[in-house]
file start_13.txt (compact mmCIF, C-alpha atoms)
# COMPACT_ATOMS: atom_id res chain seq x y z
CA MET O 65 -50.37 -0.55 -19.26
CA SER O 66 -50.57 2.80 -21.00
CA VAL O 67 -50.06 2.58 -24.76
CA ARG O 68 -47.55 5.40 -24.57
CA ARG O 69 -45.31 3.27 -22.34
CA VAL O 70 -44.96 0.46 -24.86
CA LEU O 71 -42.31 1.25 -27.47
CA ALA O 72 -40.23 -1.01 -29.66
CA ALA O 73 -36.48 -1.30 -29.44
CA ALA O 74 -36.13 1.27 -32.23
CA VAL O 75 -37.65 4.68 -32.62
CA VAL O 76 -39.18 5.32 -36.05
CA VAL O 77 -40.01 8.87 -37.14
CA VAL O 78 -41.63 10.11 -40.34
CA THR O 79 -40.82 13.82 -40.65
CA VAL O 80 -43.49 16.20 -41.89
CA ALA O 81 -43.36 18.41 -44.96
CA GLY O 82 -41.07 21.36 -44.51
CA CYS O 83 -38.39 19.56 -42.52
CA ALA O 84 -34.86 19.67 -43.84
CA PRO O 85 -34.06 16.54 -45.85
CA ALA O 86 -31.58 14.02 -44.54
CA GLU O 87 -27.99 14.73 -45.55
CA SER O 88 -25.95 12.28 -47.55
CA GLY O 89 -24.16 9.77 -45.37
CA THR O 90 -25.64 8.59 -42.09
CA GLY O 91 -24.65 7.75 -38.58
CA HIS O 92 -26.29 5.67 -35.88
CA GLY O 93 -28.82 4.08 -38.18
CA GLY O 94 -30.20 7.03 -40.15
CA ARG O 95 -30.99 6.81 -43.86
CA SER O 96 -29.23 8.81 -46.53
CA GLY O 97 -30.59 10.96 -49.37
CA ARG O 98 -33.89 12.82 -49.35
CA ASP O 99 -36.07 10.03 -48.01
CA PRO O 100 -37.84 11.64 -45.00
CA THR O 101 -38.15 8.31 -43.16
CA TRP O 102 -35.48 6.94 -40.85
CA SER O 103 -35.09 4.55 -37.97
CA THR O 104 -32.52 4.64 -35.19
CA GLU O 105 -31.84 2.13 -32.42
CA VAL O 106 -31.60 3.67 -28.96
CA GLY O 107 -31.89 0.59 -26.76
CA TRP O 108 -35.42 -0.19 -25.50
CA PRO O 109 -36.85 3.29 -24.94
CA PHE O 110 -39.90 3.53 -22.70
CA SER O 111 -40.82 7.18 -23.18
CA LEU O 112 -40.51 9.68 -25.99
CA GLY O 113 -40.86 13.44 -26.43
CA VAL O 114 -41.03 15.51 -29.63
CA HIS O 115 -40.91 19.28 -30.06
CA GLY O 116 -41.50 21.14 -33.30
CA ARG O 117 -39.74 19.73 -36.34
CA ASP O 118 -36.20 19.37 -35.12
CA ALA O 119 -35.97 17.44 -31.85
CA VAL O 120 -36.78 13.96 -30.58
CA VAL O 121 -35.80 12.91 -27.04
CA THR O 122 -36.03 9.36 -25.77
CA ILE O 123 -35.48 7.84 -22.34
CA SER O 124 -33.89 4.42 -22.40
CA ARG O 125 -33.12 2.73 -19.10
CA ASN O 126 -31.02 5.37 -17.34
CA GLN O 127 -30.08 7.40 -20.37
CA VAL O 128 -31.65 10.42 -22.03
CA VAL O 129 -30.89 10.57 -25.76
CA ALA O 130 -31.59 13.48 -28.14
CA LEU O 131 -31.91 12.85 -31.88
CA ASP O 132 -32.07 15.13 -34.88
CA SER O 133 -35.58 14.61 -36.26
CA ALA O 134 -34.48 15.21 -39.88
CA THR O 135 -31.73 12.59 -39.95
CA GLY O 136 -32.08 10.41 -36.86
CA ARG O 137 -28.53 11.20 -35.83
CA GLU O 138 -27.73 11.37 -32.15
CA ARG O 139 -27.15 14.91 -30.89
CA TRP O 140 -26.29 14.06 -27.31
CA ARG O 141 -26.91 11.60 -24.53
CA THR O 142 -26.64 11.88 -20.78
CA ASP O 143 -26.82 9.41 -17.91
CA MET O 144 -29.59 9.88 -15.37
CA ASN O 145 -30.45 7.55 -12.50
CA GLN O 146 -33.94 6.31 -11.74
CA VAL O 147 -35.81 7.98 -14.57
CA THR O 148 -39.57 7.43 -14.47
CA HIS O 149 -41.88 6.29 -17.29
CA TYR O 150 -43.28 9.82 -17.73
CA GLU O 151 -42.50 11.41 -21.07
CA PRO O 152 -39.73 14.01 -21.29
CA VAL O 153 -41.10 17.49 -21.98
CA LEU O 154 -39.43 19.89 -24.43
CA ASP O 155 -39.58 23.53 -25.36
CA GLY O 156 -37.18 25.71 -27.34
CA ARG O 157 -34.45 25.68 -24.65
CA THR O 158 -35.22 22.93 -22.15
CA VAL O 159 -35.73 19.20 -21.77
CA LEU O 160 -37.54 18.38 -18.50
CA VAL O 161 -37.14 14.83 -17.15
CA SER O 162 -38.96 13.11 -14.26
CA ALA O 163 -36.60 10.99 -12.12
CA ASP O 164 -37.59 9.22 -8.89
CA ASP O 165 -37.82 12.04 -6.32
CA ARG O 166 -36.84 15.00 -8.49
CA PHE O 167 -37.18 16.81 -11.79
CA VAL O 168 -34.13 17.57 -13.90
CA ALA O 169 -33.88 20.38 -16.47
CA LEU O 170 -31.39 19.84 -19.30
CA GLU O 171 -30.19 22.28 -21.92
CA ARG O 172 -31.92 21.19 -25.10
CA ALA O 173 -28.94 22.07 -27.31
CA SER O 174 -26.29 20.16 -25.35
CA GLY O 175 -27.89 17.95 -22.68
CA ALA O 176 -26.02 19.83 -19.92
CA ARG O 177 -27.83 19.92 -16.57
CA ARG O 178 -29.30 23.30 -15.70
CA TRP O 179 -30.92 22.37 -12.38
CA GLU O 180 -32.46 19.60 -10.28
CA ALA O 181 -35.52 20.15 -8.09
CA PRO O 182 -36.42 17.63 -5.35
CA VAL O 183 -40.17 16.95 -5.00
CA GLY O 184 -40.30 14.38 -2.21
CA GLU O 185 -41.10 10.98 -3.68
CA HIS O 186 -42.61 9.46 -6.83
CA ALA O 187 -42.07 12.26 -9.32
CA GLY O 188 -44.83 12.33 -11.93
CA GLY O 189 -45.50 14.30 -15.09
CA GLY O 190 -44.65 17.86 -15.94
CA VAL O 191 -45.21 20.53 -18.55
CA LEU O 192 -43.15 23.55 -19.64
CA THR O 193 -44.97 26.86 -20.02
CA ARG O 194 -44.59 30.59 -19.24
CA VAL O 195 -46.09 33.25 -17.03
CA GLY O 196 -45.54 36.51 -18.86
CA SER O 197 -41.89 36.41 -19.93
CA GLY O 198 -40.85 33.95 -17.23
CA PRO O 199 -40.46 30.22 -17.96
CA ILE O 200 -42.35 27.88 -15.62
CA ALA O 201 -42.23 24.11 -15.14
CA LEU O 202 -45.55 22.81 -13.76
CA VAL O 203 -44.70 19.48 -12.09
CA THR O 204 -46.56 16.81 -10.11
CA THR O 205 -45.93 13.74 -7.98
CA GLU O 206 -48.00 10.57 -7.84
CA ARG O 207 -48.80 11.40 -4.19
CA GLY O 208 -50.92 14.46 -5.05
CA PHE O 209 -48.28 17.20 -4.92
CA VAL O 210 -48.18 19.96 -7.56
CA ALA O 211 -45.68 22.81 -7.92
CA ALA O 212 -44.67 25.59 -10.28
CA LEU O 213 -40.88 25.82 -10.62
CA ASP O 214 -38.91 28.73 -12.03
CA GLY O 215 -37.71 27.44 -15.40
CA ARG O 216 -34.33 29.17 -15.06
CA THR O 217 -33.39 28.03 -11.55
CA GLY O 218 -35.76 25.23 -10.49
CA GLN O 219 -36.81 27.19 -7.38
CA ALA O 220 -40.44 26.72 -6.33
CA VAL O 221 -42.75 29.62 -7.16
CA TRP O 222 -45.62 27.91 -5.33
CA SER O 223 -46.66 24.38 -4.35
CA ALA O 224 -49.74 22.56 -3.07
CA GLN O 225 -50.45 19.16 -1.54
CA LEU O 226 -54.03 18.01 -2.11
CA PRO O 227 -55.87 14.76 -1.27
CA GLY O 228 -55.65 11.96 -3.81
CA ASP O 229 -53.05 10.76 -6.30
CA ILE O 230 -51.94 12.17 -9.64
CA TRP O 231 -51.35 9.64 -12.43
CA ALA O 232 -52.01 11.88 -15.44
CA ALA O 233 -49.59 14.42 -16.90
CA PRO O 234 -50.63 18.04 -16.29
CA ALA O 235 -51.57 20.49 -19.04
CA ALA O 236 -50.94 24.24 -19.28
CA ASP O 237 -51.99 27.24 -21.34
CA THR O 238 -49.62 30.18 -21.68
CA THR O 239 -52.24 32.67 -22.91
CA ALA O 240 -54.60 32.08 -20.01
CA ALA O 241 -51.70 31.44 -17.56
CA VAL O 242 -53.38 28.35 -16.11
CA GLY O 243 -52.54 24.71 -15.57
CA ALA O 244 -54.89 21.71 -15.38
CA VAL O 245 -54.23 18.72 -13.11
CA LEU O 246 -56.31 15.55 -12.61
CA TRP O 247 -56.42 13.99 -9.12
CA ALA O 248 -57.52 10.38 -8.65
CA GLY O 249 -60.07 9.95 -5.88
CA ALA O 250 -58.98 10.67 -2.34
CA GLU O 251 -59.68 8.14 0.39
CA GLY O 252 -63.38 7.27 0.40
CA GLU O 253 -64.03 8.84 -3.01
CA THR O 254 -64.78 6.97 -6.23
CA VAL O 255 -64.43 9.98 -8.52
CA ASN O 256 -61.57 12.11 -9.80
CA ARG O 257 -61.20 15.87 -9.50
CA LEU O 258 -60.01 18.14 -12.28
CA ARG O 259 -58.52 21.38 -10.95
CA VAL O 260 -57.38 24.41 -12.94
CA PHE O 261 -54.69 26.55 -11.25
CA ASP O 262 -53.47 30.08 -11.73
CA LEU O 263 -49.88 29.49 -12.82
CA ALA O 264 -48.57 32.66 -11.14
CA THR O 265 -50.07 32.10 -7.68
CA GLY O 266 -51.26 28.50 -7.38
CA ALA O 267 -54.82 29.61 -6.63
CA VAL O 268 -57.48 27.14 -7.79
CA ARG O 269 -59.62 28.95 -10.34
CA TRP O 270 -62.16 26.14 -10.56
CA GLU O 271 -62.55 22.40 -10.08
CA SER O 272 -64.90 19.76 -11.42
CA VAL O 273 -65.82 16.22 -10.43
CA VAL O 274 -64.78 13.72 -13.12
CA GLU O 275 -65.66 10.04 -13.53
CA ALA O 276 -62.99 7.63 -12.27
CA GLY O 277 -62.10 6.20 -15.70
CA ALA O 278 -60.59 9.43 -17.02
CA SER O 279 -57.82 10.29 -19.47
CA GLY O 280 -55.24 12.98 -18.87
CA PRO O 281 -56.41 16.54 -19.68
CA VAL O 282 -55.46 18.56 -22.74
CA ILE O 283 -55.99 22.34 -23.09
CA HIS O 284 -56.94 23.44 -26.58
CA ASP O 285 -58.74 26.39 -28.14
CA GLY O 286 -60.13 27.74 -24.86
CA LEU O 287 -61.22 24.32 -23.57
CA VAL O 288 -60.04 21.66 -21.16
CA VAL O 289 -60.83 18.35 -22.84
CA LEU O 290 -60.60 14.85 -21.43
CA GLY O 291 -62.30 11.49 -21.70
CA GLU O 292 -64.13 10.11 -18.69
CA GLY O 293 -66.11 6.96 -17.92
CA ASN O 294 -67.55 4.88 -15.11
CA GLY O 295 -65.73 1.65 -15.99
CA ASN O 296 -68.97 0.03 -17.19
CA PHE O 297 -69.16 1.26 -20.81
CA ALA O 298 -70.74 4.60 -19.93
CA ALA O 299 -68.14 7.03 -21.22
CA ARG O 300 -67.84 10.38 -22.95
CA VAL O 301 -65.42 13.03 -24.17
CA VAL O 302 -66.03 16.37 -22.43
CA GLY O 303 -65.02 19.93 -23.28
CA ARG O 304 -65.08 22.42 -20.37
CA ASP O 305 -64.62 26.17 -20.64
CA LEU O 306 -61.05 26.99 -19.62
CA ALA O 307 -62.00 30.21 -17.82
CA SER O 308 -65.08 29.05 -15.89
CA GLY O 309 -65.16 25.24 -15.94
CA ALA O 310 -68.65 25.27 -17.46
CA GLU O 311 -69.33 22.23 -19.63
CA ARG O 312 -69.46 23.31 -23.28
CA TRP O 313 -70.15 19.94 -24.88
CA SER O 314 -70.07 16.20 -24.35
CA VAL O 315 -70.01 13.33 -26.87
CA PRO O 316 -70.36 9.60 -26.14
CA ALA O 317 -67.34 7.28 -26.30
CA PRO O 318 -67.23 3.46 -26.46
CA ALA O 319 -65.41 2.83 -23.16
CA SER O 320 -63.54 4.40 -20.24
CA PHE O 321 -60.04 5.83 -20.40
CA GLU O 322 -56.58 5.52 -18.87
CA SER O 323 -55.03 8.46 -17.00
CA GLY O 324 -51.63 7.66 -18.54
CA VAL O 325 -52.94 8.50 -22.02
CA THR O 326 -53.31 12.20 -22.85
CA PRO O 327 -55.55 13.26 -25.77
CA GLY O 328 -53.96 14.89 -28.80
CA ALA O 329 -55.14 18.21 -30.21
CA ALA O 330 -54.48 20.17 -33.40
CA GLY O 331 -56.47 22.65 -35.44
CA GLY O 332 -60.10 22.20 -34.46
CA ASP O 333 -59.79 18.53 -33.52
CA VAL O 334 -59.16 16.49 -30.39
CA VAL O 335 -58.36 12.77 -30.58
CA VAL O 336 -58.72 10.35 -27.66
CA SER O 337 -58.05 6.64 -27.14
CA ASP O 338 -60.11 4.58 -24.69
CA HIS O 339 -58.56 1.73 -22.73
CA PHE O 340 -59.54 -0.85 -25.36
CA GLY O 341 -57.71 1.14 -28.04
CA THR O 342 -60.69 2.68 -29.85
CA ILE O 343 -59.77 6.08 -31.28
CA THR O 344 -62.39 8.86 -31.34
CA LEU O 345 -61.86 12.12 -33.25
CA VAL O 346 -63.96 15.06 -32.03
CA ASP O 347 -64.59 18.42 -33.67
CA ALA O 348 -63.78 20.48 -30.57
CA ARG O 349 -65.37 23.68 -31.88
CA ALA O 350 -68.71 22.08 -32.76
CA GLY O 351 -68.64 19.46 -30.00
CA LYS O 352 -69.41 16.64 -32.46
CA THR O 353 -67.80 13.31 -33.21
CA ARG O 354 -66.17 13.17 -36.64
CA TRP O 355 -65.51 9.42 -36.43

call {"tool": "encode", "arguments": {"input": "start_13.txt", "output": "structure tokens"}}
result
Amino acid sequence: MSVRRVLAAAVVVVTVAGCAPAESGTGHGGRSGRDPTWSTEVGWPFSLGVHGRDAVVTISRNQVVALDSATGRERWRTDMNQVTHYEPVLDGRTVLVSADDRFVALERASGARRWEAPVGEHAGGGVLTRVGSGPIALVTTERGFVAALDGRTGQAVWSAQLPGDIWAAPAADTTAAVGAVLWAGAEGETVNRLRVFDLATGAVRWESVVEAGASGPVIHDGLVVLGEGNGNFAARVVGRDLASGAERWSVPAPASFESGVTPGAAGGDVVVSDHFGTITLVDARAGKTRW
């Protein structure tokens, strides 16, 4: 089971420097005073999304709950049937939730529903991005379907059905206007395929064969980075050029990866976890392992 799917019955957040301190007096389990640490019970959450320094959204059974990240106080909650285990995705205006055969866009400020978009069956992961000034939701299903939805209306801009399954969340880059999606092997194949799409048109800019034991992709600093392995302790972390797909660097890793775990990226670093829980931190600009 993916490590991101296993959460305790309480969400615990340590806010970073620069966040507003907690106000005196608390509600729903938050701490008082200036202590930046709080814990709040939300009832067995199984996925969690964070955006910036002011919003935490959890999905707990059939409820979506938004918390203030400075105090832990509940901002809103809304009922939603048949939510999936995929993490909610946030930007400045929207919370995007995967639910059974559809995606649901909520207003981040209030939790009000903006739109619902049916996607057939087995809704998967999504990501919020932009093409020029227009908001886009890049969404997938576990049956190999990918679509770009208008972020204001939920209407499909383009869609594609390709062989294989999609178990990893997609990634997107606003500057390059591309999205990256990892397909598990189609029938008769023992490898995955990483495809990078033009977000405006759906055209495949490039694709690459990836070992079967792969993580989800992350786009960072002009690279698409993911872990990949053959399931027999031959594994690596790979950085590919976002524009061309050319391999820029590769560093060894202890073991293969899980598609449900997406690497993290910040500054010049990318961090990955293999399926035994070993964490590897890579200098993405130099293509070298830090530890």

call {"tool": "closest_atom_pairs", "arguments": {"input": "start_13.txt", "of": "range 116-156 of chain O", "to": "range 187-200 of chain O", "cutoff": "9 Å", "atoms": "only C-alpha atoms", "output": "Markdown table"}}
result
| residue | atom | partner | partner_atom | distance |
| --- | --- | --- | --- | --- |
| O:Thr148 | CA | O:Ala187 | CA | 7.5 |
| O:His149 | CA | O:Gly188 | CA | 8.6 |
| O:Tyr150 | CA | O:Gly189 | CA | 5.7 |
| O:Glu151 | CA | O:Gly189 | CA | 7.3 |
| O:Pro152 | CA | O:Gly190 | CA | 8.2 |
| O:Val153 | CA | O:Val191 | CA | 6.2 |
| O:Leu154 | CA | O:Leu192 | CA | 7.1 |
| O:Asp155 | CA | O:Leu192 | CA | 6.7 |

call {"tool": "residues_near_point", "arguments": {"input": "start_13.txt", "point": "(-63.9, -0.6, -24.8)", "cutoff": "7 Å", "atoms": "only C-alpha atoms", "output": "list in words"}}
result
Phe297, Pro318, Ala319, Ser320, Asp338, His339, Phe340 and Thr342 of chain O

call {"tool": "residues_around", "arguments": {"input": "start_13.txt", "residues": "range 239-255 of chain O", "least_positions_apart": "2", "cutoff": "6 Å", "atoms": "only C-alpha atoms", "output": "JSON, numbers by chain"}}
result
{"O": [195, 227, 228, 229, 230, 234, 235, 236, 237, 257, 258, 259, 260, 261, 262, 263, 274, 275, 276]}

call {"tool": "atom_distance", "arguments": {"input": "start_13.txt", "atom1": "CA of Thr158 in chain O", "atom2": "CA of Asp333 in chain O"}}
result
27.4 Å

call {"tool": "residues_around", "arguments": {"input": "start_13.txt", "residues": "Val289 in chain O", "least_positions_apart": "3", "cutoff": "6 Å", "atoms": "only C-alpha atoms", "output": "PyMOL selection string"}}
result
chain O and resi 281-282+302-303

call {"tool": "atom_distance", "arguments": {"input": "start_13.txt", "atom1": "CA of Gln127 in chain O", "atom2": "CA of Pro109 in chain O"}}
result
9.1 Å

call {"tool": "atom_distance", "arguments": {"input": "start_13.txt", "atom1": "CA of Thr217 in chain O", "atom2": "CA of Met144 in chain O"}}
result
18.9 Å

call {"tool": "residues_around", "arguments": {"input": "start_13.txt", "residues": "Gly328 in chain O", "least_positions_apart": "6", "cutoff": "10 Å", "atoms": "only C-alpha atoms", "output": "ChimeraX atom specification"}}
result
/O:281-284,289-290,334-337,345

call {"tool": "write_last_selection", "arguments": {"input": "start_13.txt", "atoms": "C-alpha atoms", "output": "PDB file, in the coordinates of the input"}}
result
ATOM      1  CA  PRO O 281     -56.410  16.540 -19.680  1.00  0.00           C
ATOM      2  CA  VAL O 282     -55.460  18.560 -22.740  1.00  0.00           C
ATOM      3  CA  ILE O 283     -55.990  22.340 -23.090  1.00  0.00           C
ATOM      4  CA  HIS O 284     -56.940  23.440 -26.580  1.00  0.00           C
ATOM      5  CA  VAL O 289     -60.830  18.350 -22.840  1.00  0.00           C
ATOM      6  CA  LEU O 290     -60.600  14.850 -21.430  1.00  0.00           C
ATOM      7  CA  VAL O 334     -59.160  16.490 -30.390  1.00  0.00           C
ATOM      8  CA  VAL O 335     -58.360  12.770 -30.580  1.00  0.00           C
ATOM      9  CA  VAL O 336     -58.720  10.350 -27.660  1.00  0.00           C
ATOM     10  CA  SER O 337     -58.050   6.640 -27.140  1.00  0.00           C
ATOM     11  CA  LEU O 345     -61.860  12.120 -33.250  1.00  0.00           C
TER      12      LEU O 345
END

call {"tool": "closest_residue", "arguments": {"input": "start_13.txt", "among": "O:Ile343, O:Ala134, O:Ala169, O:Val183", "to": "Ala201 in chain O", "atoms": "all atoms listed in the file"}}
result
O:Ala169

call {"tool": "closest_residue", "arguments": {"input": "start_13.txt", "among": "O:Gly136, O:Val128, O:Asp118, O:Trp222", "to": "Ser103 in chain O", "atoms": "only C-alpha atoms"}}
result
O:Gly136

call {"tool": "closest_residue", "arguments": {"input": "start_13.txt", "among": "O:Ala310, O:Val159, O:Val147, O:Ala278", "to": "Ala298 in chain O", "atoms": "all atoms listed in the file"}}
result
O:Ala278

call {"tool": "build_atoms", "arguments": {"input": "start_13.txt", "residues": "range 270-289 of chain O", "atoms": "N, CA and C atoms", "output": "short mmCIF file (atom, residue, chain, number, x, y, z; two decimals), keeping the file's coordinate frame"}}
result
data_model
loop_
_atom_site.label_atom_id
_atom_site.label_comp_id
_atom_site.auth_asym_id
_atom_site.auth_seq_id
_atom_site.Cartn_x
_atom_site.Cartn_y
_atom_site.Cartn_z
N TRP O 270 -60.93 26.95 -10.63
CA TRP O 270 -62.16 26.14 -10.56
C TRP O 270 -61.80 24.66 -10.49
N GLU O 271 -62.74 23.85 -10.07
CA GLU O 271 -62.55 22.40 -10.08
C GLU O 271 -63.85 21.73 -10.45
N SER O 272 -63.73 20.50 -10.95
CA SER O 272 -64.90 19.76 -11.42
C SER O 272 -64.73 18.29 -11.06
N VAL O 273 -65.82 17.66 -10.67
CA VAL O 273 -65.82 16.22 -10.43
C VAL O 273 -65.82 15.50 -11.76
N VAL O 274 -64.96 14.47 -11.88
CA VAL O 274 -64.78 13.72 -13.12
C VAL O 274 -64.93 12.24 -12.81
N GLU O 275 -65.54 11.49 -13.73
CA GLU O 275 -65.66 10.04 -13.53
C GLU O 275 -64.29 9.40 -13.37
N ALA O 276 -64.26 8.26 -12.65
CA ALA O 276 -62.99 7.63 -12.27
C ALA O 276 -62.17 7.15 -13.46
N GLY O 277 -62.83 6.71 -14.53
CA GLY O 277 -62.10 6.20 -15.70
C GLY O 277 -61.77 7.31 -16.66
N ALA O 278 -60.85 8.21 -16.25
CA ALA O 278 -60.59 9.43 -17.02
C ALA O 278 -59.22 9.39 -17.68
N SER O 279 -59.11 10.09 -18.81
CA SER O 279 -57.82 10.29 -19.47
C SER O 279 -57.11 11.47 -18.81
N GLY O 280 -55.89 11.73 -19.23
CA GLY O 280 -55.24 12.98 -18.87
C GLY O 280 -55.95 14.14 -19.55
N PRO O 281 -55.78 15.37 -19.04
CA PRO O 281 -56.41 16.54 -19.68
C PRO O 281 -55.54 17.12 -20.78
N VAL O 282 -56.17 17.75 -21.75
CA VAL O 282 -55.46 18.56 -22.74
C VAL O 282 -56.17 19.91 -22.81
N ILE O 283 -55.41 21.00 -22.94
CA ILE O 283 -55.99 22.34 -23.09
C ILE O 283 -55.84 22.74 -24.54
N HIS O 284 -56.97 23.11 -25.16
CA HIS O 284 -56.94 23.44 -26.58
C HIS O 284 -58.08 24.37 -26.93
N ASP O 285 -57.74 25.48 -27.57
CA ASP O 285 -58.74 26.39 -28.14
C ASP O 285 -59.75 26.85 -27.09
N GLY O 286 -59.26 27.23 -25.90
CA GLY O 286 -60.13 27.74 -24.86
C GLY O 286 -60.90 26.70 -24.09
N LEU O 287 -60.53 25.42 -24.25
CA LEU O 287 -61.22 24.32 -23.57
C LEU O 287 -60.23 23.44 -22.82
N VAL O 288 -60.72 22.81 -21.75
CA VAL O 288 -60.04 21.66 -21.16
C VAL O 288 -60.82 20.43 -21.59
N VAL O 289 -60.16 19.53 -22.30
CA VAL O 289 -60.83 18.35 -22.84
C VAL O 289 -60.22 17.10 -22.23
#
